Each structure stands twice: as C-alpha cells, then as structure tokens.
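The data block below is data11.cif; it holds mmCIF, C-alpha atoms.
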data_target
#
loop_
_atom_site.label_atom_id
_atom_site.label_comp_id
_atom_site.auth_asym_id
_atom_site.auth_seq_id
_atom_site.Cartn_x
_atom_site.Cartn_y
_atom_site.Cartn_z
CA MET O 1 -11.40 9.49 14.91
CA LEU O 2 -12.88 6.08 14.57
CA GLU O 3 -14.25 6.34 11.06
CA ASN O 4 -13.12 3.55 8.81
CA LEU O 5 -11.22 4.40 5.70
CA ASN O 6 -12.96 3.40 2.51
CA GLN O 7 -12.28 3.51 -1.18
CA GLU O 8 -14.43 6.36 -2.35
CA LYS O 9 -11.76 8.98 -1.86
CA SER O 10 -7.99 8.95 -1.72
CA ILE O 11 -6.74 7.96 1.71
CA TYR O 12 -4.90 11.24 2.23
CA VAL O 13 -8.04 13.23 1.44
CA GLN O 14 -9.91 11.13 4.00
CA ILE O 15 -7.19 11.77 6.58
CA SER O 16 -7.44 15.54 6.08
CA GLU O 17 -11.25 15.45 6.19
CA MET O 18 -11.20 13.39 9.38
CA ILE O 19 -8.92 15.87 11.11
CA GLU O 20 -11.20 18.70 9.95
CA THR O 21 -14.27 16.93 11.27
CA ASP O 22 -12.49 16.34 14.59
CA ILE O 23 -11.79 20.06 14.78
CA LEU O 24 -15.45 20.87 14.02
CA ARG O 25 -16.65 18.44 16.67
CA GLY O 26 -14.30 19.76 19.31
CA ILE O 27 -12.33 16.54 19.49
CA LEU O 28 -9.27 18.56 18.52
CA LEU O 29 -9.12 22.06 19.97
CA GLU O 30 -7.39 25.12 18.57
CA GLU O 31 -3.73 25.44 19.61
CA GLU O 32 -3.71 21.75 20.49
CA ARG O 33 -1.28 19.19 19.05
CA VAL O 34 -2.68 16.82 16.43
CA PRO O 35 -1.45 13.21 16.04
CA SER O 36 1.86 12.94 14.16
CA THR O 37 2.10 11.29 10.75
CA ASN O 38 3.69 8.25 12.39
CA GLU O 39 0.88 8.03 14.93
CA LEU O 40 -1.73 8.33 12.17
CA ALA O 41 0.14 5.75 10.09
CA LYS O 42 0.06 3.23 12.91
CA LEU O 43 -3.52 4.01 13.92
CA TYR O 44 -4.95 3.49 10.44
CA ALA O 45 -2.30 1.06 9.14
CA ILE O 46 -1.34 3.38 6.28
CA ASN O 47 1.99 4.49 4.87
CA PRO O 48 3.41 7.51 6.74
CA ALA O 49 4.01 9.30 3.41
CA THR O 50 0.26 9.11 2.73
CA ALA O 51 -0.59 10.40 6.20
CA ALA O 52 1.89 13.26 5.67
CA LYS O 53 0.18 14.15 2.40
CA GLY O 54 -3.14 14.50 4.24
CA ILE O 55 -1.57 16.67 6.95
CA ASN O 56 0.14 18.86 4.35
CA ILE O 57 -3.17 19.77 2.71
CA LEU O 58 -4.23 21.25 6.05
CA VAL O 59 -0.90 23.01 6.53
CA ASP O 60 -1.27 24.61 3.08
CA GLU O 61 -4.72 25.83 4.08
CA GLU O 62 -3.29 27.15 7.35
CA ILE O 63 -5.65 24.99 9.36
CA LEU O 64 -2.64 23.31 10.96
CA TYR O 65 0.77 24.78 11.59
CA LYS O 66 4.12 23.31 12.48
CA LYS O 67 5.97 23.99 15.70
CA ARG O 68 9.55 23.02 15.02
CA GLY O 69 10.61 19.95 16.92
CA ILE O 70 7.26 19.56 18.65
CA GLY O 71 4.70 18.70 16.00
CA MET O 72 1.59 19.90 14.23
CA PHE O 73 -0.92 22.17 15.96
CA VAL O 74 -4.42 23.41 15.19
CA SER O 75 -4.31 27.08 14.17
CA THR O 76 -6.40 29.70 15.93
CA GLY O 77 -9.47 30.31 13.80
CA ALA O 78 -9.19 26.88 12.15
CA LYS O 79 -12.77 25.96 12.96
CA GLU O 80 -14.14 29.13 11.34
CA LYS O 81 -11.95 28.57 8.29
CA ILE O 82 -13.17 25.00 7.82
CA LEU O 83 -16.80 26.06 8.22
CA ALA O 84 -16.40 28.89 5.71
CA ARG O 85 -14.85 26.61 3.11
CA ARG O 86 -17.36 23.81 3.61
CA ARG O 87 -20.19 26.34 3.23
CA SER O 88 -18.72 27.68 0.02
CA GLU O 89 -18.34 24.13 -1.30
CA PHE O 90 -21.87 23.16 -0.34
CA TYR O 91 -23.29 24.09 -3.74
CA GLU O 92 -20.61 22.17 -5.66
CA ASN O 93 -20.68 19.10 -3.38
CA TYR O 94 -24.37 18.73 -2.58
CA ILE O 95 -26.72 21.00 -4.52
CA LYS O 96 -25.25 20.19 -7.91
CA THR O 97 -25.52 16.42 -7.45
CA LEU O 98 -28.99 16.86 -5.96
CA LEU O 99 -30.15 18.79 -9.03
CA LYS O 100 -28.58 16.25 -11.38
CA GLU O 101 -30.33 13.35 -9.66
CA ALA O 102 -33.63 15.32 -9.56
CA GLU O 103 -33.40 16.00 -13.27
CA SER O 104 -32.71 12.36 -14.14
CA ILE O 105 -35.83 11.22 -12.24
CA GLY O 106 -38.05 14.07 -13.49
CA LEU O 107 -38.40 16.23 -10.37
CA ASN O 108 -38.63 19.97 -11.03
CA ARG O 109 -37.26 22.81 -8.90
CA GLU O 110 -40.63 23.64 -7.31
CA GLN O 111 -41.07 20.07 -6.12
CA ILE O 112 -37.58 20.09 -4.58
CA ILE O 113 -38.18 23.40 -2.83
CA GLU O 114 -41.45 22.05 -1.49
CA MET O 115 -39.65 19.02 -0.11
CA ILE O 116 -37.08 21.21 1.59
CA GLN O 117 -39.75 23.43 3.12
CA SER O 118 -41.83 20.53 4.41
CA SER O 119 -38.86 18.72 5.93
CA LYS O 120 -38.11 19.41 9.54
CA MET W 1 25.03 3.77 7.38
CA ASN W 2 25.03 7.32 6.13
CA ALA W 3 24.45 7.70 2.42
CA THR W 4 21.21 6.31 1.10
CA ARG W 5 21.64 3.19 -0.94
CA SER W 6 19.70 1.93 -3.89
CA LEU W 7 19.14 -1.51 -5.28
CA ASN W 8 19.22 -1.72 -9.04
CA CYS W 9 17.56 -4.49 -11.01
CA LYS W 10 18.97 -4.19 -14.53
CA ASN W 11 17.57 -6.10 -17.49
CA VAL W 12 17.05 -9.19 -15.38
CA THR W 13 15.96 -12.28 -17.27
CA LYS W 14 15.55 -15.70 -15.74
CA LYS W 15 15.02 -18.86 -17.74
CA TYR W 16 14.41 -22.39 -16.54
CA GLY W 17 15.31 -24.33 -19.67
CA ASP W 18 13.11 -22.78 -22.37
CA LYS W 19 10.70 -21.29 -19.91
CA ILE W 20 11.12 -17.55 -19.39
CA VAL W 21 10.20 -16.75 -15.79
CA LEU W 22 11.42 -13.16 -15.75
CA ASN W 23 11.70 -11.12 -18.89
CA GLN W 24 13.94 -8.02 -19.02
CA VAL W 25 12.94 -6.64 -15.65
CA ASN W 26 14.22 -3.14 -14.86
CA PHE W 27 13.69 -1.02 -11.77
CA THR W 28 15.42 0.71 -8.89
CA LEU W 29 14.50 0.43 -5.23
CA GLU W 30 15.35 3.45 -3.14
CA GLU W 31 16.21 3.16 0.50
CA GLY W 32 13.44 4.20 2.88
CA LYS W 33 10.28 3.05 1.18
CA ILE W 34 7.77 0.24 1.57
CA TYR W 35 7.22 -1.42 -1.78
CA GLY W 36 4.55 -3.94 -2.68
CA LEU W 37 5.29 -6.61 -5.25
CA ILE W 38 2.04 -7.95 -6.58
CA GLY W 39 1.31 -10.53 -9.21
CA ARG W 40 -0.71 -13.67 -9.76
CA ASN W 41 0.43 -17.12 -8.78
CA GLY W 42 3.39 -18.01 -10.97
CA ALA W 43 3.97 -14.42 -12.12
CA GLY W 44 7.58 -14.58 -10.92
CA LYS W 45 7.39 -12.77 -7.55
CA THR W 46 9.41 -15.27 -5.52
CA THR W 47 11.94 -15.76 -8.33
CA LEU W 48 12.45 -12.01 -8.54
CA LEU W 49 13.00 -11.65 -4.79
CA SER W 50 15.39 -14.62 -4.78
CA ILE W 51 17.43 -12.98 -7.51
CA LEU W 52 17.44 -9.58 -5.80
CA ALA W 53 18.82 -11.27 -2.68
CA ALA W 54 21.26 -13.39 -4.70
CA HIS W 55 19.67 -16.60 -3.42
CA ALA W 56 19.28 -17.70 -7.02
CA PRO W 57 21.35 -17.02 -10.15
CA LEU W 58 19.97 -14.99 -13.02
CA THR W 59 20.25 -15.83 -16.69
CA GLU W 60 20.84 -12.32 -18.03
CA GLY W 61 21.21 -8.86 -16.52
CA GLU W 62 22.51 -7.84 -13.12
CA VAL W 63 21.47 -6.77 -9.65
CA LEU W 64 23.51 -3.95 -8.15
CA LEU W 65 23.56 -2.48 -4.68
CA ASP W 66 24.73 0.99 -5.60
CA GLU W 67 27.54 0.10 -8.02
CA GLU W 68 28.34 -3.37 -6.70
CA THR W 69 26.88 -6.63 -7.91
CA VAL W 70 25.14 -8.56 -5.15
CA TRP W 71 26.05 -11.96 -6.57
CA GLU W 72 28.51 -13.79 -4.31
CA ASN W 73 29.29 -10.46 -2.68
CA THR W 74 29.19 -10.80 1.10
CA ASN W 75 29.78 -7.10 1.55
CA ALA W 76 26.64 -6.18 -0.38
CA LEU W 77 24.58 -9.08 0.95
CA GLN W 78 24.90 -8.03 4.58
CA TYR W 79 22.47 -5.24 3.71
CA ILE W 80 19.85 -7.58 2.26
CA CYS W 81 17.50 -9.99 3.98
CA PHE W 82 15.11 -12.21 2.10
CA SER W 83 12.85 -14.01 4.53
CA ARG W 84 11.34 -16.81 2.51
CA GLU W 85 7.92 -18.29 2.94
CA LEU W 86 8.42 -21.58 4.80
CA ASN W 87 6.59 -24.45 3.15
CA LEU W 88 7.65 -27.56 4.94
CA SER W 89 7.29 -31.23 4.19
CA ALA W 90 8.53 -34.11 6.31
CA ALA W 91 11.45 -34.42 3.88
CA SER W 92 12.60 -30.89 4.62
CA PRO W 93 15.76 -30.54 6.70
CA LEU W 94 13.92 -28.03 8.88
CA TRP W 95 11.21 -30.53 9.88
CA ASN W 96 12.95 -31.67 13.08
CA MET W 97 14.63 -28.38 13.85
CA ARG W 98 13.40 -26.26 16.73
CA VAL W 99 12.38 -22.66 16.04
CA LYS W 100 14.96 -21.57 18.61
CA GLU W 101 17.82 -23.14 16.63
CA TYR W 102 16.58 -21.56 13.39
CA LEU W 103 16.49 -18.12 15.01
CA ARG W 104 19.97 -18.69 16.44
CA MET W 105 21.20 -19.35 12.89
CA ALA W 106 19.51 -16.18 11.67
CA ALA W 107 21.22 -14.25 14.48
CA ILE W 108 24.61 -15.44 13.24
CA TYR W 109 23.81 -14.94 9.56
CA PHE W 110 22.49 -11.37 9.68
CA PRO W 111 25.12 -8.89 10.88
CA PHE W 112 22.57 -6.26 12.03
CA TRP W 113 20.45 -8.81 13.95
CA ASP W 114 18.61 -7.35 16.97
CA GLN W 115 18.05 -10.09 19.56
CA MET W 116 16.07 -7.91 21.95
CA TYR W 117 13.67 -7.01 19.18
CA ALA W 118 13.38 -10.69 18.17
CA ASP W 119 12.58 -11.65 21.77
CA LYS W 120 9.94 -8.94 21.96
CA LEU W 121 8.29 -10.18 18.77
CA ILE W 122 8.38 -13.81 19.97
CA LYS W 123 6.55 -12.71 23.11
CA GLN W 124 4.06 -10.63 21.18
CA PHE W 125 3.25 -13.52 18.80
CA GLU W 126 3.14 -15.97 21.75
CA LEU W 127 5.38 -18.26 19.75
CA ASN W 128 6.78 -21.34 21.49
CA THR W 129 10.35 -21.46 20.20
CA LYS W 130 10.98 -24.90 21.72
CA GLU W 131 8.58 -26.35 19.16
CA LYS W 132 9.89 -28.22 16.13
CA PHE W 133 9.02 -26.84 12.69
CA GLY W 134 7.08 -30.00 11.83
CA LYS W 135 4.62 -29.15 14.62
CA LEU W 136 3.99 -25.52 13.59
CA SER W 137 0.76 -24.30 12.03
CA LYS W 138 0.77 -22.20 8.87
CA GLY W 139 0.23 -19.06 10.93
CA MET W 140 3.16 -19.86 13.19
CA LEU W 141 5.41 -20.45 10.16
CA SER W 142 4.45 -16.99 8.88
CA MET W 143 5.32 -15.52 12.28
CA VAL W 144 8.80 -17.08 12.14
CA THR W 145 9.45 -15.54 8.71
CA ILE W 146 8.21 -12.17 9.97
CA ILE W 147 10.41 -12.30 13.08
CA VAL W 148 13.48 -13.12 10.96
CA ALA W 149 12.70 -10.31 8.52
CA LEU W 150 12.06 -7.62 11.12
CA ALA W 151 14.82 -8.58 13.58
CA SER W 152 17.38 -8.92 10.76
CA LYS W 153 17.44 -5.09 10.68
CA ALA W 154 18.76 -5.40 7.13
CA PRO W 155 18.43 -2.08 5.25
CA PHE W 156 16.76 -3.96 2.36
CA THR W 157 14.31 -6.54 3.65
CA PHE W 158 12.11 -8.69 1.44
CA LEU W 159 9.11 -10.58 2.73
CA ASP W 160 7.55 -13.22 0.53
CA GLU W 161 3.83 -13.61 1.26
CA PRO W 162 4.29 -12.70 4.93
CA VAL W 163 0.60 -12.68 5.76
CA ALA W 164 -0.52 -15.72 3.77
CA GLY W 165 -0.94 -17.96 6.81
CA LEU W 166 -2.15 -15.31 9.27
CA ASP W 167 -5.68 -14.63 10.43
CA VAL W 168 -7.11 -11.14 10.04
CA VAL W 169 -6.16 -10.04 13.58
CA MET W 170 -2.56 -11.13 13.17
CA ARG W 171 -2.38 -9.54 9.71
CA ARG W 172 -3.38 -6.24 11.27
CA VAL W 173 -0.76 -6.74 14.00
CA PHE W 174 1.84 -7.38 11.30
CA TYR W 175 1.02 -4.21 9.35
CA LYS W 176 1.29 -2.15 12.53
CA LEU W 177 4.61 -3.76 13.51
CA LEU W 178 5.92 -3.17 10.01
CA LEU W 179 4.89 0.50 10.04
CA GLU W 180 6.34 0.96 13.50
CA GLU W 181 9.69 -0.53 12.50
CA TYR W 182 9.64 1.41 9.24
CA THR W 183 9.01 4.77 10.88
CA LEU W 184 11.71 4.12 13.48
CA SER W 185 14.38 2.80 11.12
CA GLY W 186 13.63 4.01 7.59
CA ARG W 187 14.55 0.58 6.23
CA THR W 188 13.36 -0.51 2.80
CA PHE W 189 10.77 -3.26 2.72
CA VAL W 190 9.49 -5.20 -0.26
CA ILE W 191 6.39 -7.22 0.44
CA SER W 192 5.11 -9.69 -2.08
CA THR W 193 1.48 -10.59 -1.68
CA HIS W 194 -1.70 -11.49 -3.40
CA ILE W 195 -3.83 -10.25 -0.50
CA ILE W 196 -3.90 -6.82 -2.07
CA GLU W 197 -6.71 -4.65 -0.81
CA GLU W 198 -5.80 -4.49 2.87
CA VAL W 199 -2.10 -3.90 2.22
CA SER W 200 -2.51 -1.21 -0.44
CA ASP W 201 -2.61 1.67 2.09
CA VAL W 202 0.65 0.48 3.63
CA LEU W 203 2.58 0.56 0.36
CA GLU W 204 4.27 3.75 -0.77
CA GLU W 205 4.96 2.24 -4.17
CA VAL W 206 3.62 -0.76 -5.98
CA LEU W 207 5.25 -3.02 -8.55
CA ILE W 208 2.92 -5.17 -10.61
CA ILE W 209 4.37 -8.13 -12.45
CA ASP W 210 2.55 -10.42 -14.83
CA LYS W 211 3.99 -13.38 -16.70
CA GLY W 212 7.54 -12.40 -15.82
CA LYS W 213 7.19 -8.79 -16.99
CA LEU W 214 7.09 -5.67 -14.90
CA LEU W 215 3.85 -3.93 -15.88
CA LEU W 216 4.32 -0.87 -13.70
CA LYS W 217 6.12 0.62 -10.72
CA GLU W 218 4.35 3.65 -9.32
CA ASN W 219 3.43 5.58 -6.22
CA THR W 220 0.30 3.85 -4.92
CA VAL W 221 -1.70 7.00 -4.16
CA GLU W 222 -0.90 8.58 -7.53
CA LEU W 223 -1.70 5.36 -9.37
CA LEU W 224 -5.09 5.04 -7.69
CA GLU W 225 -5.93 8.65 -8.42
CA LYS W 226 -5.59 7.89 -12.12
CA ALA W 227 -7.64 4.72 -12.09
CA VAL W 228 -11.39 5.01 -12.66
CA GLU W 229 -14.22 2.72 -13.58
CA VAL W 230 -16.65 4.17 -16.10
CA SER W 231 -20.04 2.49 -16.46
CA GLY W 232 -23.29 3.15 -18.23
CA LEU W 233 -24.97 2.60 -21.58
CA SER W 234 -22.51 0.81 -23.82
CA GLU W 235 -22.32 3.41 -26.64
CA VAL W 236 -22.02 6.31 -24.21
CA VAL W 237 -19.21 4.57 -22.30
CA ASP W 238 -17.43 3.94 -25.60
CA LYS W 239 -17.54 7.65 -26.40
CA ALA W 240 -16.52 8.67 -22.88
CA VAL W 241 -13.40 6.47 -22.82
CA ASN W 242 -12.48 6.87 -26.48
CA GLY W 243 -8.73 7.42 -26.85
CA LEU W 244 -7.97 6.70 -23.19
CA ASP W 245 -5.75 3.97 -21.72
CA ILE W 246 -8.35 1.22 -21.31
CA GLN W 247 -7.29 -1.68 -19.05
CA CYS W 248 -10.36 -3.84 -19.16
CA VAL W 249 -13.90 -3.79 -20.55
CA GLU W 250 -16.89 -5.84 -19.47
CA THR W 251 -20.29 -5.78 -21.11
CA VAL W 252 -23.55 -7.06 -19.66
CA GLY W 253 -26.45 -6.46 -22.07
CA ARG W 254 -26.50 -2.74 -22.86
CA ARG W 255 -24.35 -1.92 -19.85
CA LYS W 256 -20.62 -1.55 -20.13
CA HIS W 257 -17.89 -1.17 -17.50
CA ALA W 258 -14.48 0.09 -18.48
CA VAL W 259 -11.46 0.47 -16.21
CA VAL W 260 -9.16 3.20 -17.48
CA LEU W 261 -5.92 4.79 -16.37
CA LEU W 262 -6.15 8.54 -16.92
CA LYS W 263 -3.07 10.44 -17.95
CA GLU W 264 -2.31 13.84 -16.55
CA ASP W 265 -4.96 16.38 -17.61
CA GLU W 266 -7.31 13.67 -18.84
CA THR W 267 -10.80 13.48 -17.35
CA ILE W 268 -14.10 11.83 -18.14
CA LYS W 269 -16.15 14.72 -19.53
CA GLU W 270 -19.28 15.68 -17.62
CA GLU W 271 -21.37 15.81 -20.78
CA TYR W 272 -21.52 11.99 -20.87
CA ASP W 273 -24.19 10.38 -18.72
CA VAL W 274 -21.95 7.75 -17.14
CA THR W 275 -21.00 6.77 -13.61
CA VAL W 276 -17.37 7.37 -12.77
CA LYS W 277 -16.01 5.60 -9.71
CA PRO W 278 -12.56 5.25 -8.19
CA VAL W 279 -10.95 1.83 -8.47
CA GLY W 280 -9.12 0.08 -5.63
CA LEU W 281 -5.74 -1.54 -6.12
CA GLN W 282 -7.20 -5.03 -6.15
CA ASP W 283 -9.74 -4.24 -8.88
CA LEU W 284 -7.13 -2.40 -10.90
CA PHE W 285 -4.82 -5.39 -10.58
CA VAL W 286 -7.57 -7.75 -11.77
CA ALA W 287 -8.30 -5.41 -14.68
CA MET W 288 -4.64 -5.43 -15.68
CA CYS W 289 -3.74 -9.06 -15.06
CA GLY W 290 -6.98 -11.02 -15.10
CA ASN W 291 -7.54 -11.06 -18.85
CA GLU W 292 -7.64 -14.79 -19.43
CA ALA W 293 -9.89 -15.64 -16.48
#
Spit out the file's structure as structure tokens when you get a sec.
Amino acid sequence: MLENLNQEKSIYVQISEMIETDILRGILLEEERVPSTNELAKLYAINPATAAKGINILVDEEILYKKRGIGMFVSTGAKEKILARRRSEFYENYIKTLLKEAESIGLNREQIIEMIQSSK
Amino acid sequence: MNATRSLNCKNVTKKYGDKIVLNQVNFTLEEGKIYGLIGRNGAGKTTLLSILAAHAPLTEGEVLLDEETVWENTNALQYICFSRELNLSAASPLWNMRVKEYLRMAAIYFPFWDQMYADKLIKQFELNTKEKFGKLSKGMLSMVTIIVALASKAPFTFLDEPVAGLDVVMRRVFYKLLLEEYTLSGRTFVISTHIIEEVSDVLEEVLIIDKGKLLLKENTVELLEKAVEVSGLSEVVDKAVNGLDIQCVETVGRRKHAVVLLKEDETIKEEYDVTVKPVGLQDLFVAMCGNEA
C-alpha cells in the first residue's frame, strides 16, 4: 500500500479501493488482519474517522469482518467478491466513458472494435 | 474526565475601536475531534483562538465550557491550552530566556502536563533546550509551540499556525505525532493554518472564517463531496449550474469555470457537455474567500 492519495476521489473511497487492490494482489490474504483505522490514519496522515469510513464500506460489503477486540479481518471469498463487483462495474466505469470519448472525437463502434482486436 | 465536554462560542463579537475583527461568531466544539480553522491573513483566526482560551477579552457574546464561562475561570481554563505562535523580537521578554525555562513554566501552568512526553518530543525534534529563544530558527520556534501544545495534555488544545516555520519533512512528522496523540487520548485539537491542502485529510471538521465571520463549519469529507468545479463552453456551464450554490466563476474567452456547492440530491445533469471535477479544500477556500484578489 504505497499509492499516494490524490484528489480525484474522496479519501475514504481511496482507502477502501486500496485495501481491495491489496486483497486482489495477495498483499492481504483472506482471514488475515488488516491495518486498524489508527494505523491507516498514521500511515497516510489522515483523520481516523475518515479511515474508519473507508473500512466500513468494506464491512458493509462483507469483504472485511470484525473480530471483537482483535480487529478487522479479510473475509473468506473476499477476493472473488471484489472481482465479481469490479467486473460488473466495468461497463459503467470504463466502457461508458470510452464510448463517450469516442463519440466526441468521431470514432464509430467498428473502429473501436477493430482497435480492441488488433491490440495485444 | 468522564463526561464529554463541549466548548461553546456564542455570538462572539470583537471590536478594536471601530474595527470589527469578529462578527457574531457562533459554533460548538465537541470533545474528541480535530478541527481546522482556516482563513486568510487578518481574517480573525488568532483573535478567535485567543478569545476561546480567554487570553483576550471579547466585546460581546460569551465562551462557555459546558455551562461555565471561561473568562477568569481557572477551573474551566485548566482544560484549555492555547499554544501561540512565537514571533520574537529583541524587545520581547522571551528573547534571553532559555527554552528549558519556558518549558518549566509550561509544566507549572498546565495541570495535565506530561513531562515524559515533552522529553520524548524534545528528543525527536532534536531541540537544544539550553538555547536562548533569540538564537532559535523559525522552525525551532514552531517546535517549541508544538511541544507545549501536545505535552499540555489539555482536553481542548489550540495550535496557531503550528507548521508555518517547519519544512515539509517536519510538517509530516507533526501531522503523524498529532494523529498519534489524538488516537491515544481523544483530545480536541483546533489547528489554525493557511497551509490548507496537506492538512485537509487530517481534519475531521473545518471552520472557514473570512473578515471576522464564520462562513461554514462542516465535516471535511462531506463538504468536499459537495464541492465540484464545472467547466466548459460558457453558455452550457451557465445552464448546468443554473439555480445552484455558485461560489466562484471565472471566464476565459468562451470557457467558463464555476465552483459550486451541491445540496443533497443535486447533481450536474449528464445531458450537459461539461467537465465536472472534484475540488480540493484549498481551491474551495480560494473560491469562497478569494473574491477580491
């Protein structure tokens, strides 16, 4: 988790996305403890309430779960869950913007498909 | 301390002769949050903090810790520490004082003072406490004010421009120390600053003052989620932001930028061909307070 925080998204969204990416990359393993809100706060120099907000998104999605008195852990099946959601959001997050940009510069669908097919 | 306290700033007005420095300022600080007080030079930040800590009298209104006034009230004031920015001249009584003596005074003055913590910070900052104030650099003066603030252990601690004299490495060290102390103790901190961008993630709530008036007091994350910059062809931008809370508009040729604060349920409709970008705290602050520049 060395990515720098930027301004494009809310800090808490970035925190939750970073934890997700760490799970996908195998930096955080299932049933392993994730850094606490206070640890995240210190690491990124952010308010603990903001870090907690990022963690809570993942708890709501059951990607993380709380062990009382110990901390937050990665749920079993978290990786699959994150992949499934990111796949379902792929159209909304990437294809839609791609088509919008293509339209504004006068590229039609066939040309885009050709580009995709010729790219390795 | 068991029950959570709150510090109430009620209708506070401060005048110097005819000049109104603070105008009907109202807010409540809850215990257990880090607040940022931001404003331009001369906006009234230091005056406000001085009044909250009863270092200076107010003209109208009152400051209450729970139900008690803080003015000339030693019981209430033991819970408040205002660590002022030290700007020294040779005429200042501090000029020939050693840092050690100043810290010894602080240790007597603040009832919750933690000497072990102060010693740890002195070591961490590599501060030579045998030095006289007249010999200290700007950065070292900032470190002294930070040490006093943190080691005071006061439940309400105000820091006036704590990072102004520090280099970027030491600023980072300060934010981490602050967060560490905050998470351990749950004290309330108010930090006044005009170095906004880097501190914005540390602040749970932000208070913006301009020309002696409190413009807003809001949760930082929620505030920034509402703030967007809309840019594009002038007429299209006009239509897109029509009826919204516009903070600032800039036009360059046919292009227009508008910074708006969206209310709940308001959005910039997709039908308009405009670019919508989030706005950082610093840019939002400039949009709100930079009108005459």
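Minimum distance to chain O across W:Ala54, W:Ile196, W:Ile34, W:Ile191 (counting all atoms listed in the file) occurs at W:Ile34.
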Could you please select, counting all atoms listed in the file, the residues of chain W within 9 Å of chain O and state them as a CSV table (one decimal) with C-alpha atoms, keeping the file's coordinate frame?
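Below is the file result31.csv, written as the result:
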chain,number,residue,atom,x,y,z
W,34,ILE,CA,7.8,0.2,1.6
W,172,ARG,CA,-3.4,-6.2,11.3
W,175,TYR,CA,1.0,-4.2,9.4
W,176,LYS,CA,1.3,-2.2,12.5
W,177,LEU,CA,4.6,-3.8,13.5
W,179,LEU,CA,4.9,0.5,10.0
W,180,GLU,CA,6.3,1.0,13.5
W,183,THR,CA,9.0,4.8,10.9
W,199,VAL,CA,-2.1,-3.9,2.2
W,200,SER,CA,-2.5,-1.2,-0.4
W,201,ASP,CA,-2.6,1.7,2.1
W,202,VAL,CA,0.6,0.5,3.6
W,203,LEU,CA,2.6,0.6,0.4
W,204,GLU,CA,4.3,3.8,-0.8
W,221,VAL,CA,-1.7,7.0,-4.2
W,224,LEU,CA,-5.1,5.0,-7.7
W,225,GLU,CA,-5.9,8.6,-8.4
W,277,LYS,CA,-16.0,5.6,-9.7
W,278,PRO,CA,-12.6,5.2,-8.2
W,279,VAL,CA,-11.0,1.8,-8.5
W,280,GLY,CA,-9.1,0.1,-5.6
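Our summary of the geometry notes that CA of Ala52 (chain O) is positioned 9.2 Å from CA of Ile15 (chain O).
Residue selection for this entry, given the PyMOL selection byres ((chain W and resi 97) around 12), comprises W:Leu88, W:Ala90, W:Ser92, W:Pro93, W:Leu94, W:Trp95, W:Asn96, W:Arg98, W:Val99, W:Lys100, W:Glu101, W:Tyr102, W:Leu103, W:Arg104, W:Met105, W:Thr129, W:Lys130, W:Glu131, W:Lys132, W:Phe133, W:Gly134, W:Lys135, W:Leu136.
This file gives the following result for the PyMOL selection byres ((chain O and resi 72) around 6): O:Arg33, O:Val34, O:Tyr65, O:Lys66, O:Gly71, O:Phe73.
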For the contact check between region 151-171 of chain W and region 184-188 of chain W, emit one row per residue of region 151-171 of chain W within 9 Å, containing the shortest atom pair and the distance in Å rounded to one decimal, counting only C-alpha atoms, chain then rising number order, as CSV.
residue,atom,partner,partner_atom,distance
W:Lys153,CA,W:Arg187,CA,7.8
W:Ala154,CA,W:Arg187,CA,7.4
W:Pro155,CA,W:Arg187,CA,4.8
W:Phe156,CA,W:Thr188,CA,4.9
W:Thr157,CA,W:Thr188,CA,6.2
W:Phe158,CA,W:Thr188,CA,8.4
Run the PyMOL selection byres ((chain O and resi 21) around 12) on the file and write out the hits as a list in words. Met1, Leu2, Glu3, Gln14, Ile15, Ser16, Glu17, Met18, Ile19, Glu20, Asp22, Ile23, Leu24, Arg25, Gly26, Ile27, Leu28, Leu29, Ile63, Ala78, Lys79, Ile82, Leu83 and Arg86 of chain O
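In this structure, CA of Thr220 (chain W) sits 5.8 Å away from CA of Val206 (chain W).
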Distance in Å - CA of Gly165 (chain W) versus CA of Ser142 (chain W): 5.9 Å
Rebuild all heavy atoms on region 83-87 of chain O, as a short mmCIF file (atom, residue, chain, number, x, y, z; two decimals), in the coordinates of the input?
data_model
loop_
_atom_site.label_atom_id
_atom_site.label_comp_id
_atom_site.auth_asym_id
_atom_site.auth_seq_id
_atom_site.Cartn_x
_atom_site.Cartn_y
_atom_site.Cartn_z
N LEU O 83 -15.37 25.83 8.43
CA LEU O 83 -16.80 26.06 8.22
C LEU O 83 -17.02 26.92 6.98
O LEU O 83 -17.87 26.60 6.14
CB LEU O 83 -17.42 26.76 9.44
CG LEU O 83 -17.71 25.85 10.65
CD1 LEU O 83 -18.17 26.69 11.82
CD2 LEU O 83 -18.75 24.80 10.29
N ALA O 84 -16.23 27.98 6.84
CA ALA O 84 -16.40 28.89 5.71
C ALA O 84 -16.17 28.14 4.39
O ALA O 84 -16.94 28.28 3.44
CB ALA O 84 -15.43 30.06 5.83
N ARG O 85 -15.13 27.32 4.35
CA ARG O 85 -14.85 26.61 3.11
C ARG O 85 -15.94 25.56 2.81
O ARG O 85 -16.40 25.43 1.69
CB ARG O 85 -13.49 25.94 3.14
CG ARG O 85 -13.15 25.33 1.78
CD ARG O 85 -11.76 24.78 1.67
NE ARG O 85 -11.29 24.16 2.89
CZ ARG O 85 -11.65 22.94 3.28
NH1 ARG O 85 -12.46 22.22 2.58
NH2 ARG O 85 -11.17 22.46 4.42
N ARG O 86 -16.33 24.83 3.85
CA ARG O 86 -17.36 23.81 3.61
C ARG O 86 -18.68 24.44 3.16
O ARG O 86 -19.38 23.88 2.33
CB ARG O 86 -17.58 22.97 4.88
CG ARG O 86 -16.39 22.06 5.14
CD ARG O 86 -16.80 20.80 5.86
NE ARG O 86 -15.65 19.96 6.10
CZ ARG O 86 -15.68 18.83 6.81
NH1 ARG O 86 -16.81 18.42 7.34
NH2 ARG O 86 -14.60 18.12 6.96
N ARG O 87 -18.98 25.65 3.68
CA ARG O 87 -20.19 26.34 3.23
C ARG O 87 -20.06 26.74 1.77
O ARG O 87 -21.00 26.58 1.00
CB ARG O 87 -20.45 27.59 4.09
CG ARG O 87 -21.07 27.23 5.44
CD ARG O 87 -21.30 28.49 6.28
NE ARG O 87 -21.65 28.11 7.63
CZ ARG O 87 -21.11 28.66 8.72
NH1 ARG O 87 -20.19 29.62 8.61
NH2 ARG O 87 -21.48 28.26 9.92
#
